[in-house]
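Participant: Got my_file.txt for you, compact mmCIF, C-alpha atoms and all ligand atoms:
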```txt
# COMPACT_ATOMS: atom_id res chain seq x y z
CA MET A 79 4.24 -20.16 -2.65
CA LEU A 80 7.36 -18.17 -1.83
CA PRO A 81 8.30 -15.40 -4.25
CA THR A 82 11.14 -16.46 -6.52
CA THR A 83 13.39 -13.92 -4.83
CA ILE A 84 13.34 -15.93 -1.57
CA GLU A 85 15.55 -19.02 -1.67
CA ASN A 86 16.47 -21.79 0.71
CA ARG A 87 20.22 -22.39 0.31
CA ASN A 88 21.19 -25.26 2.58
CA GLY A 89 18.71 -24.18 5.21
CA ILE A 90 19.60 -20.48 5.12
CA MET A 91 17.21 -17.93 3.69
CA PHE A 92 18.61 -15.84 0.87
CA ILE A 93 16.68 -12.79 -0.29
CA ASP A 94 17.41 -11.69 -3.85
CA GLY A 95 20.79 -13.40 -3.63
CA VAL A 96 21.79 -12.07 -0.19
CA SER A 97 22.04 -14.14 2.98
CA SER A 98 19.43 -13.06 5.51
CA LEU A 99 21.82 -14.03 8.31
CA ASP A 100 24.57 -11.79 6.97
CA LEU A 101 22.05 -8.96 6.79
CA ALA A 102 20.87 -9.56 10.36
CA LYS A 103 24.45 -9.63 11.57
CA ARG A 104 25.53 -6.56 9.64
CA PHE A 105 22.49 -4.31 10.16
CA ASP A 106 20.98 -5.87 13.31
CA THR A 107 17.31 -6.72 13.80
CA PRO A 108 14.44 -5.97 13.48
CA LEU A 109 15.21 -5.32 9.85
CA TYR A 110 13.04 -4.81 6.80
CA VAL A 111 14.68 -6.38 3.72
CA VAL A 112 13.22 -5.28 0.40
CA SER A 113 13.94 -6.98 -2.93
CA GLU A 114 14.26 -4.58 -5.86
CA LYS A 115 13.86 -7.39 -8.37
CA ARG A 116 10.53 -8.47 -6.86
CA ILE A 117 9.11 -4.93 -6.97
CA ARG A 118 9.99 -4.73 -10.67
CA GLN A 119 8.52 -8.19 -11.35
CA ASN A 120 5.25 -7.31 -9.61
CA TYR A 121 4.95 -3.96 -11.38
CA ARG A 122 5.59 -5.52 -14.79
CA ASN A 123 3.17 -8.33 -14.08
CA VAL A 124 0.29 -5.91 -13.45
CA PHE A 125 1.23 -3.68 -16.37
CA SER A 126 1.70 -6.41 -18.96
CA ASN A 127 -1.48 -8.26 -18.03
CA LEU A 128 -3.58 -5.12 -18.27
CA LYS A 129 -1.88 -4.03 -21.47
CA GLN A 130 -3.06 -7.28 -23.13
CA ASN A 131 -6.59 -5.92 -23.18
CA TYR A 132 -6.25 -2.14 -23.54
CA GLN A 133 -3.62 0.23 -24.85
CA LYS A 134 -3.88 3.22 -22.51
CA ILE A 135 -2.92 1.76 -19.11
CA ARG A 136 -1.64 3.80 -16.20
CA ILE A 137 -0.46 2.28 -12.94
CA ASN A 138 -0.58 4.63 -9.99
CA TYR A 139 1.43 2.88 -7.28
CA SER A 140 -0.26 3.59 -3.96
CA ALA A 141 2.58 5.10 -1.98
CA LYS A 142 0.96 4.62 1.42
CA ALA A 143 1.87 0.93 1.30
CA ASN A 144 5.58 1.78 1.40
CA THR A 145 7.03 5.24 0.97
CA ASN A 146 10.71 4.50 1.17
CA ILE A 147 12.24 6.79 -1.44
CA SER A 148 14.29 3.97 -2.95
CA VAL A 149 11.05 2.06 -3.53
CA LEU A 150 9.54 5.17 -5.12
CA LYS A 151 12.63 5.64 -7.30
CA ILE A 152 12.42 2.03 -8.52
CA LEU A 153 8.80 2.55 -9.52
CA GLU A 154 9.60 5.89 -11.09
CA SER A 155 12.16 4.16 -13.28
CA GLU A 156 9.54 1.56 -14.27
CA GLY A 157 7.30 4.35 -15.55
CA ALA A 158 4.68 4.18 -12.78
CA ASN A 159 2.55 7.08 -11.65
CA LEU A 160 1.76 7.59 -7.97
CA ASP A 161 -1.31 7.73 -5.79
CA VAL A 162 -0.67 9.83 -2.67
CA VAL A 163 -2.94 10.63 0.26
CA SER A 164 -1.15 13.39 2.12
CA PRO A 165 1.09 16.38 1.40
CA GLY A 166 3.87 14.34 3.03
CA GLU A 167 3.51 11.57 0.47
CA ALA A 168 3.40 14.15 -2.34
CA PHE A 169 6.59 15.69 -0.95
CA LEU A 170 8.35 12.30 -0.90
CA ALA A 171 7.12 11.58 -4.42
CA LEU A 172 8.52 14.86 -5.73
CA LYS A 173 11.82 14.22 -3.90
CA SER A 174 11.98 10.78 -5.56
CA GLY A 175 11.91 12.28 -9.03
CA PHE A 176 8.24 12.04 -9.98
CA SER A 177 7.09 15.04 -11.96
CA PRO A 178 3.87 16.52 -10.51
CA GLU A 179 1.67 15.41 -13.39
CA ARG A 180 2.54 11.81 -12.51
CA ILE A 181 1.19 12.25 -8.98
CA ILE A 182 -2.47 12.16 -8.01
CA PHE A 183 -3.74 13.06 -4.56
CA THR A 184 -6.68 11.02 -3.28
CA GLY A 185 -6.82 12.18 0.31
CA THR A 186 -9.88 12.67 2.43
CA ASN A 187 -10.73 15.47 4.85
CA ALA A 188 -7.75 17.55 3.75
CA ARG A 189 -7.14 20.97 5.33
CA ASP A 190 -7.04 24.15 3.25
CA ASP A 191 -3.30 24.60 3.74
CA GLU A 192 -2.75 21.02 2.60
CA LEU A 193 -4.79 21.62 -0.55
CA LYS A 194 -2.81 24.80 -1.15
CA TYR A 195 0.48 22.91 -0.90
CA LEU A 196 -0.77 20.28 -3.36
CA ILE A 197 -2.08 22.86 -5.82
CA GLU A 198 1.12 24.88 -5.64
CA SER A 199 3.08 21.67 -6.19
CA LYS A 200 0.95 21.12 -9.33
CA VAL A 201 -0.08 17.57 -8.46
CA LEU A 202 -3.44 16.31 -9.71
CA ILE A 203 -6.29 16.19 -7.25
CA ASN A 204 -8.96 13.58 -6.94
CA ALA A 205 -11.55 15.34 -4.78
CA ASP A 206 -13.37 13.38 -2.11
CA SER A 207 -16.26 15.77 -1.37
CA LEU A 208 -18.09 18.82 -2.64
CA SER A 209 -16.52 20.65 0.30
CA MET A 210 -13.05 19.81 -0.99
CA LEU A 211 -13.99 21.01 -4.48
CA GLU A 212 -15.20 24.38 -3.21
CA ARG A 213 -12.06 24.84 -1.13
CA ILE A 214 -9.87 23.91 -4.12
CA LEU A 215 -11.68 26.43 -6.32
CA LYS A 216 -11.10 29.15 -3.72
CA ILE A 217 -7.36 28.54 -4.00
CA LYS A 218 -7.16 28.12 -7.78
CA THR A 219 -9.18 26.53 -10.58
CA PRO A 220 -7.08 23.56 -11.68
CA ASP A 221 -6.82 22.53 -15.34
CA THR A 222 -7.68 18.96 -14.43
CA ILE A 223 -9.77 17.49 -11.67
CA SER A 224 -11.06 14.06 -10.78
CA PHE A 225 -13.67 12.96 -8.27
CA ARG A 226 -13.69 9.90 -6.09
CA ILE A 227 -17.12 8.33 -6.46
CA ASN A 228 -18.63 5.92 -3.96
CA PRO A 229 -20.05 3.16 -6.16
CA MET A 230 -21.79 1.63 -3.11
CA ILE A 231 -19.97 -1.66 -3.53
CA GLY A 232 -17.13 -2.22 -1.10
CA ALA A 233 -14.87 -5.17 -0.26
CA GLY A 234 -11.72 -5.90 1.73
CA HIS A 235 -9.88 -8.26 4.05
CA HIS A 236 -11.13 -6.49 7.20
CA GLU A 237 -13.96 -4.07 7.93
CA HIS A 238 -11.43 -1.25 8.40
CA CYS A 239 -10.24 -1.84 4.86
CA ILE A 240 -13.61 -1.59 3.07
CA THR A 241 -13.78 1.88 1.59
CA ALA A 242 -17.07 2.14 -0.24
CA GLY A 243 -20.70 1.53 0.64
CA LYS A 244 -23.36 3.43 2.49
CA ASP A 245 -21.46 3.84 5.77
CA SER A 246 -18.14 4.76 4.19
CA LYS A 247 -16.53 8.13 4.90
CA PHE A 248 -14.97 8.12 1.44
CA GLY A 249 -16.13 9.46 -1.88
CA ILE A 250 -19.04 11.29 -3.41
CA TRP A 251 -22.44 9.66 -3.79
CA GLU A 252 -23.97 9.22 -7.23
CA ASP A 253 -26.61 11.87 -6.55
CA ASP A 254 -23.93 14.52 -5.91
CA ALA A 255 -21.59 13.47 -8.70
CA LEU A 256 -23.31 15.41 -11.44
CA ALA A 257 -23.34 18.58 -9.33
CA ALA A 258 -19.62 18.18 -8.62
CA TYR A 259 -18.65 17.88 -12.29
CA LYS A 260 -21.00 20.71 -13.28
CA ARG A 261 -19.54 23.00 -10.64
CA ALA A 262 -16.00 22.22 -11.81
CA LEU A 263 -16.93 22.68 -15.47
CA ASP A 264 -18.61 26.03 -14.76
CA ALA A 265 -15.54 27.15 -12.82
CA GLY A 266 -13.34 26.53 -15.89
CA VAL A 267 -11.79 23.11 -15.26
CA LYS A 268 -10.82 21.66 -18.66
CA LYS A 269 -9.89 18.01 -18.13
CA PHE A 270 -11.54 15.36 -16.00
CA GLY A 271 -11.03 12.00 -14.41
CA ILE A 272 -13.31 9.72 -12.43
CA HIS A 273 -12.23 7.40 -9.65
CA MET A 274 -13.28 4.81 -7.11
CA HIS A 275 -11.43 2.79 -4.50
CA ILE A 276 -13.57 0.10 -2.94
CA GLY A 277 -11.20 -1.49 -0.45
CA SER A 278 -8.00 -3.40 0.17
CA GLY A 279 -6.97 -7.04 0.16
CA ILE A 280 -9.61 -8.21 -2.33
CA MET A 281 -8.94 -11.72 -3.60
CA ASN A 282 -11.34 -11.93 -6.54
CA ALA A 283 -12.39 -9.72 -9.42
CA GLN A 284 -16.14 -9.78 -8.75
CA PRO A 285 -16.47 -6.72 -6.47
CA PHE A 286 -14.25 -4.69 -8.82
CA LEU A 287 -16.44 -5.73 -11.72
CA LEU A 288 -19.72 -4.74 -10.07
CA ALA A 289 -18.30 -1.44 -8.83
CA LEU A 290 -16.71 -0.66 -12.21
CA GLU A 291 -20.02 -1.21 -13.99
CA LYS A 292 -21.62 1.25 -11.60
CA LEU A 293 -18.79 3.76 -12.07
CA LEU A 294 -19.08 3.58 -15.85
CA GLU A 295 -22.81 4.08 -15.66
CA ILE A 296 -22.27 7.22 -13.57
CA ALA A 297 -19.54 8.40 -15.96
CA GLY A 298 -21.96 7.82 -18.83
CA LYS A 299 -24.60 10.02 -17.22
CA ILE A 300 -22.07 12.79 -16.68
CA ARG A 301 -20.89 12.49 -20.28
CA LYS A 302 -24.45 12.65 -21.58
CA THR A 303 -25.62 15.50 -19.36
CA LEU A 304 -22.54 17.70 -19.31
CA GLY A 305 -20.68 16.58 -22.43
CA ILE A 306 -17.58 15.88 -20.38
CA LYS A 307 -14.93 13.64 -21.95
CA PHE A 308 -12.93 11.70 -19.38
CA ASP A 309 -9.18 11.76 -19.62
CA PHE A 310 -8.93 8.80 -17.23
CA ILE A 311 -11.06 6.30 -15.37
CA ASP A 312 -9.45 4.94 -12.22
CA ILE A 313 -10.64 1.77 -10.46
CA GLY A 314 -8.42 2.31 -7.39
CA GLY A 315 -6.28 -0.26 -5.62
CA GLY A 316 -7.14 -3.28 -3.55
CA ILE A 317 -5.80 -6.31 -5.44
CA GLY A 318 -5.06 -8.81 -2.68
CA VAL A 319 -2.12 -11.15 -2.26
CA PRO A 320 -1.93 -14.55 -0.57
CA TYR A 321 -0.46 -14.41 2.93
CA ARG A 322 -0.72 -18.13 3.63
CA LEU A 323 1.44 -20.66 1.81
CA GLY A 324 -0.79 -22.55 -0.61
CA GLU A 325 -3.43 -19.80 -0.75
CA LYS A 326 -4.45 -19.12 -4.34
CA GLU A 327 -3.26 -15.84 -5.79
CA ILE A 328 -5.44 -13.65 -7.94
CA ASP A 329 -5.04 -14.59 -11.60
CA LEU A 330 -4.09 -11.29 -13.20
CA ALA A 331 -4.65 -12.48 -16.76
CA GLU A 332 -8.19 -13.49 -15.84
CA PHE A 333 -8.64 -10.26 -13.85
CA SER A 334 -7.52 -8.27 -16.87
CA ASN A 335 -9.85 -10.15 -19.26
CA LEU A 336 -12.81 -9.68 -16.99
CA ILE A 337 -12.27 -6.10 -15.86
CA LEU A 338 -11.03 -4.70 -19.15
CA GLY A 339 -13.69 -6.66 -21.01
CA ALA A 340 -16.30 -4.82 -18.96
CA PHE A 341 -14.34 -1.58 -19.30
CA ASN A 342 -14.12 -1.78 -23.09
CA LYS A 343 -17.82 -2.54 -23.32
CA GLY A 344 -18.87 0.14 -20.78
CA VAL A 345 -16.73 2.79 -22.42
CA LYS A 346 -18.30 2.03 -25.79
CA ASP A 347 -21.87 1.76 -24.53
CA ASN A 348 -21.57 5.04 -22.67
CA ASP A 349 -19.75 6.90 -25.42
CA LEU A 350 -16.76 7.58 -23.17
CA GLY A 351 -14.11 7.73 -25.91
CA GLU A 352 -10.66 6.36 -25.12
CA PRO A 353 -9.72 7.34 -21.59
CA PHE A 354 -6.68 6.00 -19.73
CA PHE A 355 -7.54 2.99 -17.59
CA CYS A 356 -5.88 3.49 -14.20
CA VAL A 357 -5.33 1.17 -11.25
CA GLU A 358 -3.70 2.02 -7.91
CA PRO A 359 -2.13 -1.12 -6.49
CA GLY A 360 -0.10 -0.72 -3.33
CA ARG A 361 -0.07 -4.12 -1.68
CA TYR A 362 0.26 -6.12 -4.92
CA ILE A 363 3.43 -4.29 -5.95
CA ILE A 364 5.30 -4.22 -2.68
CA CYS A 365 3.92 -6.82 -0.26
CA ASP A 366 5.93 -9.93 -1.09
CA SER A 367 9.05 -7.98 -1.98
CA CYS A 368 9.88 -7.61 1.68
CA VAL A 369 10.78 -9.80 4.63
CA LEU A 370 10.97 -8.63 8.22
CA LEU A 371 13.87 -10.23 10.06
CA THR A 372 13.50 -10.43 13.82
CA ALA A 373 15.78 -12.19 16.31
CA VAL A 374 14.60 -14.52 19.04
CA ASN A 375 15.76 -13.39 22.48
CA THR A 376 13.50 -15.44 24.78
CA VAL A 377 11.97 -18.88 24.75
CA LYS A 378 9.39 -19.21 27.51
CA GLU A 379 7.51 -22.43 28.18
CA ASN A 380 4.49 -21.91 30.40
CA PRO A 381 2.40 -24.93 31.34
CA ASN A 382 -0.29 -23.69 28.96
CA LYS A 383 1.67 -22.19 26.09
CA LYS A 384 5.05 -21.70 24.53
CA PHE A 385 6.14 -18.16 23.71
CA ILE A 386 8.88 -17.21 21.29
CA GLY A 387 10.01 -13.71 22.31
CA VAL A 388 11.37 -11.59 19.45
CA ASP A 389 12.60 -8.03 19.03
CA ALA A 390 9.84 -6.87 16.62
CA GLY A 391 6.55 -5.87 18.14
CA PHE A 392 3.49 -4.16 16.72
CA ASN A 393 5.48 -0.96 16.75
CA VAL A 394 7.34 -2.57 13.80
CA LEU A 395 4.51 -4.55 12.11
CA VAL A 396 1.04 -3.67 13.32
CA ARG A 397 -1.09 -5.76 10.92
CA PRO A 398 -1.45 -8.89 13.11
CA ALA A 399 -2.47 -6.81 16.14
CA MET A 400 -4.64 -4.36 14.22
CA TYR A 401 -6.48 -6.62 11.79
CA GLY A 402 -5.72 -10.10 13.09
CA SER A 403 -3.73 -10.58 9.88
CA TYR A 404 -1.77 -13.75 9.21
CA HIS A 405 1.91 -13.34 8.25
CA HIS A 406 3.82 -16.49 7.49
CA VAL A 407 6.90 -17.02 9.68
CA LEU A 408 9.97 -19.02 8.73
CA VAL A 409 13.17 -19.68 10.64
CA ALA A 410 15.74 -17.94 8.46
CA ASN A 411 18.72 -19.88 9.80
CA ARG A 412 17.07 -23.34 9.78
CA MET A 413 14.68 -23.45 6.88
CA ASN A 414 14.81 -27.25 6.59
CA ALA A 415 13.85 -27.93 10.21
CA PRO A 416 10.47 -29.65 10.54
CA GLU A 417 7.55 -27.83 12.12
CA GLU A 418 7.05 -29.60 15.40
CA GLN A 419 5.70 -27.24 18.04
CA GLU A 420 2.86 -24.81 18.43
CA CYS A 421 3.67 -21.41 19.88
CA ASP A 422 2.93 -17.70 19.91
CA VAL A 423 5.53 -15.33 18.49
CA ALA A 424 5.45 -12.34 20.81
CA GLY A 425 7.08 -8.93 20.60
CA PRO A 426 8.61 -6.79 23.34
CA LEU A 427 5.70 -4.38 23.88
CA CYS A 428 3.72 -4.23 27.06
CA GLU A 429 0.41 -5.32 25.60
CA SER A 430 -1.01 -8.81 25.40
CA GLY A 431 -2.00 -8.20 21.78
CA ASP A 432 1.64 -7.79 20.80
CA LEU A 433 1.82 -11.05 18.86
CA LEU A 434 3.20 -11.53 15.36
CA ALA A 435 1.79 -15.05 15.19
CA LYS A 436 -0.66 -16.96 17.37
CA ASN A 437 -0.90 -20.74 17.86
CA ARG A 438 1.57 -21.18 15.01
CA LYS A 439 3.28 -24.45 14.18
CA LEU A 440 7.02 -23.76 13.91
CA PRO A 441 10.26 -25.71 14.12
CA LYS A 442 11.84 -26.04 17.55
CA ILE A 443 13.21 -22.59 18.19
CA GLN A 444 16.25 -21.50 20.13
CA GLU A 445 17.31 -18.15 21.47
CA GLY A 446 19.49 -16.49 18.85
CA ASP A 447 17.47 -17.84 15.91
CA VAL A 448 16.38 -15.34 13.28
CA LEU A 449 12.76 -15.41 12.18
CA ALA A 450 11.61 -14.14 8.80
CA VAL A 451 8.13 -12.64 8.73
CA LEU A 452 6.94 -12.75 5.13
CA ASN A 453 4.84 -10.29 3.16
CA ALA A 454 5.99 -7.39 5.27
CA GLY A 455 6.39 -4.88 2.43
CA ALA A 456 2.92 -3.42 2.38
CA TYR A 457 1.76 -1.42 5.37
CA GLY A 458 4.72 -2.68 7.39
CA PHE A 459 7.21 0.11 7.87
CA SER A 460 4.64 2.67 6.73
CA MET A 461 2.47 1.88 9.78
CA SER A 462 5.33 1.52 12.27
CA SER A 463 5.53 3.70 15.36
CA ASN A 464 7.62 4.64 18.39
CA TYR A 465 5.21 3.01 20.84
CA ASN A 466 6.87 2.04 24.13
CA SER A 467 9.62 4.46 23.08
CA ARG A 468 11.12 1.93 20.75
CA GLN A 469 13.07 2.98 17.70
CA ARG A 470 11.83 2.24 14.23
CA PRO A 471 13.90 -0.39 12.40
CA ALA A 472 16.26 -0.02 9.48
CA GLU A 473 15.39 -0.89 5.88
CA VAL A 474 17.78 -2.57 3.48
CA LEU A 475 17.38 -2.89 -0.27
CA VAL A 476 18.77 -6.01 -1.92
CA ASN A 477 19.24 -6.69 -5.59
CA GLU A 478 20.91 -9.73 -7.12
CA GLY A 479 23.48 -10.20 -4.38
CA LYS A 480 23.99 -6.49 -3.58
CA CYS A 481 22.63 -4.74 -0.53
CA ALA A 482 22.33 -1.12 0.59
CA ILE A 483 20.88 0.50 3.64
CA VAL A 484 17.94 2.66 2.55
CA ARG A 485 16.79 3.80 5.96
CA GLU A 486 18.93 4.02 9.06
CA ARG A 487 17.69 2.46 12.25
CA GLU A 488 16.45 5.15 14.60
CA THR A 489 18.56 5.87 17.67
CA MET A 490 17.67 6.92 21.24
CA ASP A 491 18.11 10.53 20.09
CA ASN A 492 15.14 10.14 17.76
CA LEU A 493 13.00 9.79 20.86
CA LEU A 494 13.97 13.29 21.95
CA LEU A 495 13.57 14.83 18.51
CA HIS A 496 10.98 17.63 18.57
CA GLN A 497 10.41 17.26 22.31
CA LYS A 498 10.86 20.38 24.39
CA THR A 499 10.95 20.86 28.12
CA ALA A 500 8.40 23.39 29.41
CA ARG A 501 10.28 26.47 30.57
CA TRP A 502 9.03 26.10 34.18
CA LEU A 503 10.46 22.60 34.36
CA LYS A 504 13.94 23.57 33.25
N1 LIG B 1 -5.97 3.83 -3.55
C1 LIG B 1 -6.53 4.38 -2.46
C2 LIG B 1 -7.31 5.61 -2.60
C3 LIG B 1 -6.35 3.78 -1.20
O1 LIG B 1 -6.91 4.32 -0.13
C4 LIG B 1 -5.58 2.60 -1.11
C5 LIG B 1 -5.38 1.95 0.19
C6 LIG B 1 -5.00 2.08 -2.28
C7 LIG B 1 -5.22 2.72 -3.48
C8 LIG B 1 -4.12 0.87 -2.28
O2 LIG B 1 -4.73 -0.28 -1.85
P1 LIG B 1 -3.95 -1.70 -1.95
O3 LIG B 1 -3.72 -1.98 -3.41
O4 LIG B 1 -2.67 -1.55 -1.22
O5 LIG B 1 -4.88 -2.67 -1.31
N2 LIG B 1 -3.38 -0.87 6.26
C9 LIG B 1 -4.22 -1.84 5.60
C10 LIG B 1 -4.55 -1.42 4.18
C11 LIG B 1 -5.20 -0.08 4.07
C12 LIG B 1 -5.37 0.38 2.66
C13 LIG B 1 -5.76 1.81 2.58
N3 LIG B 1 -5.95 2.30 1.27
C14 LIG B 1 -3.53 -3.20 5.65
O6 LIG B 1 -2.42 -3.29 6.18
O7 LIG B 1 -4.10 -4.19 5.21
```
So that I can check it, write out the structure of this file as structure tokens.
Facilitator:
Amino acid sequence: MLPTTIENRNGIMFIDGVSSLDLAKRFDTPLYVVSEKRIRQNYRNVFSNLKQNYQKIRINYSAKANTNISVLKILESEGANLDVVSPGEAFLALKSGFSPERIIFTGTNARDDELKYLIESKVLINADSLSMLERILKIKTPDTISFRINPMIGAGHHEHCITAGKDSKFGIWEDDALAAYKRALDAGVKKFGIHMHIGSGIMNAQPFLLALEKLLEIAGKIRKTLGIKFDFIDIGGGIGVPYRLGEKEIDLAEFSNLILGAFNKGVKDNDLGEPFFCVEPGRYIICDSCVLLTAVNTVKENPNKKFIGVDAGFNVLVRPAMYGSYHHVLVANRMNAPEEQECDVAGPLCESGDLLAKNRKLPKIQEGDVLAVLNAGAYGFSMSSNYNSRQRPAEVLVNEGKCAIVRERETMDNLLLHQKTARWLK
């Protein structure tokens, strides 16, 4: 199903009340169009469903999915907290108006200078290894610390997106968890959290449930052995969204009943008091808020295949090339046209894998048409690049008929930025 913010008005796609064709004309393509209303709807949907089953809910939006500062400001105004994974994301979060105590860093393999920046910025840290803990303590004993635990249950839409289990680079194993909390306690840390993140693009609650039960058991052991009271218990992100029309979405009310049912029971059984229950959705909040508009410049009919050549390649949206991900494509200027031909939608990069869609049934397409690639909000712009010396696209925010540019399209000069000519070549 299309999000309610995408409408078909006489064959033309409108996004949050704004004509996609007007946007393409005014700001050119490729163009990321983000709906403010949809971000707010998604955030409130997660929050209200979880709140049904537990009072102390905290939503840490996972900034890596989309770090545009307007997106961050919208979520700040909704009352979200933030999950960040680099000093750069922490910097953007602070610039967007988040106070440091609303930001938690869950990075891996961080350098000492990065940890120093985070500690000096006063953001919370969720340590990923005993090594990170020792290096944090050398800089300064924080008041609060959390540890990312590997609950040994992972899940995700692609093997690259499974982030727990015995081969995972992330998190601390159960056997080391006690030592980590003891070391922090002995060093003078006063408040604690515990965290897991098992993967991304998970379409059912079962893996979360199994992993959460394991996490609570580990938390219980720590509580019993060290007397630690947890301020928060964080189950990470990973709630998937449907990318195909007709695919069933995760039922958040059911998810909330199941997960918070287990949480309430586990907290009681393990004498864990009343910690905040945290989740870190990235994709769920932002994915379907955004459409990528890309113009058709070439129609090529080979004897074997038809190619629709567009101006967005995997430099703009890498997910199809990187994970084989499906993104639904509509013709923004002829939404009522019947699907009557099979084709590949190909970008301008010099790689055969530069396809936004493969063997896709689409209406008959002409040069000059504008295609809308759906679900482009999560890991779209944030994974874009300058490959083939192409410029990153612009981003526009729309809201009930209004639009504003929230990131300028890069220019040729961006390609020279930070480059220097070696003195002997001058
Ligand atoms: N928390 C942590 C610690 C994470 O590493 C991630 C995502 C999240 C939360 C948010 O997960 P989400 O709710 O968005 O699934 N580039 C891939 C996804 C990689 C996710 C990495 N970590 C993709 O385009 O599918």
Participant: Around ligand LIG 1 (chain B), which protein and nucleic acid residues have at least one atom no more than 6 Å from it, if we count only C-alpha atoms and all ligand atoms? List them as a list in words.
Facilitator: Ser140, Ala143, Thr184, Cys239, His275, Ser278, Gly279, Gly314, Gly315, Gly316, Ile317, Glu358, Pro359, Gly360, Arg361, Tyr362, Arg397 and Tyr457 of chain A
Participant: Within 12 Å of Gly166 (chain A), counting all atoms listed in the file, which residues qualify if same-chain residues fewer than 3 places away don't, as number ranges by chain?
Facilitator: A: 141-142, 145, 162-163, 169-173, 183, 185, 192-193, 195-196, 199
Participant: Using the selection just defined, write its residues with C-alpha atoms as a PDB file, keeping the file's coordinate frame.
Facilitator:
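Saved result, part_5.pdb, follows:
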```
ATOM      1  CA  ALA A 141       2.580   5.100  -1.980  1.00  0.00           C
ATOM      2  CA  LYS A 142       0.960   4.620   1.420  1.00  0.00           C
ATOM      3  CA  THR A 145       7.030   5.240   0.970  1.00  0.00           C
ATOM      4  CA  VAL A 162      -0.670   9.830  -2.670  1.00  0.00           C
ATOM      5  CA  VAL A 163      -2.940  10.630   0.260  1.00  0.00           C
ATOM      6  CA  PHE A 169       6.590  15.690  -0.950  1.00  0.00           C
ATOM      7  CA  LEU A 170       8.350  12.300  -0.900  1.00  0.00           C
ATOM      8  CA  ALA A 171       7.120  11.580  -4.420  1.00  0.00           C
ATOM      9  CA  LEU A 172       8.520  14.860  -5.730  1.00  0.00           C
ATOM     10  CA  LYS A 173      11.820  14.220  -3.900  1.00  0.00           C
ATOM     11  CA  PHE A 183      -3.740  13.060  -4.560  1.00  0.00           C
ATOM     12  CA  GLY A 185      -6.820  12.180   0.310  1.00  0.00           C
ATOM     13  CA  GLU A 192      -2.750  21.020   2.600  1.00  0.00           C
ATOM     14  CA  LEU A 193      -4.790  21.620  -0.550  1.00  0.00           C
ATOM     15  CA  TYR A 195       0.480  22.910  -0.900  1.00  0.00           C
ATOM     16  CA  LEU A 196      -0.770  20.280  -3.360  1.00  0.00           C
ATOM     17  CA  SER A 199       3.080  21.670  -6.190  1.00  0.00           C
TER      18      SER A 199
END
```
Participant: Env of Phe459 (chain A): 7 Å cut, atoms = only C-alpha atoms, seq-sep filter 5 positions within chain, self excluded. Answer as a ChimeraX atom specification.
Facilitator: /A:144,394-395
Participant: Which of these, A:Ile214, A:Leu449, A:Ala456, A:Leu80, has the shortest distance to Cys365 (chain A) once you count only C-alpha atoms?
Facilitator: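 Ranked by minimum distance to Cys365 (chain A), first place goes to A:Ala456.
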Participant: List as an NGL selection string the protein and nucleic acid residues near region 369-383 of chain A, meaning an atom at most 8 Å away when only C-alpha atoms are counted, but skip any in the same chain fewer than 5 places from it.
Facilitator: :A and (98 or 102 or 107-112 or 388-390 or 421-422 or 443-455)
Participant: With only C-alpha atoms as the atoms that count, which of A:Lys299, A:Gly234, A:Ile483, A:Lys292 lies nearest to Leu256 (chain A)?
Facilitator: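 With only C-alpha atoms as the atom set, the closest residue is A:Lys299.
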Participant: As an exercise, work out the distance from CA of Gly157 (chain A) to CA of Ala233 (chain A) in Å and give it to one decimal place.
Facilitator: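 Interatomic distance, CA of Gly157 (chain A) to CA of Ala233 (chain A): 28.6 Å.
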Participant: So how far away is CA of Gly249 (chain A) from CA of Ala265 (chain A), in Å?
Facilitator: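 Distance reported for this atom pair: 20.8 Å.
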Participant: Quick one: residues within 12 Å of region 335-350 of chain A, only C-alpha atoms counted, chain neighbours fewer than 4 positions away excluded, as a ChimeraX atom specification?
Facilitator: /A:127-135,270-272,282-303,305-313,329-331,354-357
Participant: Interatomic distance between CA of Ala158 (chain A) and CA of Gly277 (chain A)?
Facilitator: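 Rounded to one decimal, the two atoms are 20.9 Å apart.
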Participant: Kindly indicate which residue among A:Val409, A:Ile227, A:Val319, A:Ile364 lies nearest to Asn146 (chain A), using only C-alpha atoms for the distances.
Facilitator: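 Selected residue with least distance to Asn146 (chain A): A:Ile364.
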Participant: Which one of A:Lys436, A:Asn464, A:Ser209, A:Ile250 sits closest to Leu494 (chain A) if you count all atoms listed in the file?
Facilitator: A:Asn464
Participant: Taking all atoms listed in the file into account, name the residue in A:Glu212, A:Leu433, A:Ser224, A:Arg180 that is nearest to Pro398 (chain A).
Facilitator: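 Among A:Glu212, A:Leu433, A:Ser224, A:Arg180, it is A:Leu433 that comes nearest to Pro398 (chain A).
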Participant: Nearest to Ile182 (chain A) among A:Phe248, A:Ser207, A:Lys218, A:Arg226, with distances taken over all atoms listed in the file: which residue is it?
Facilitator: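 Among the listed residues, A:Arg226 lies closest to Ile182 (chain A).
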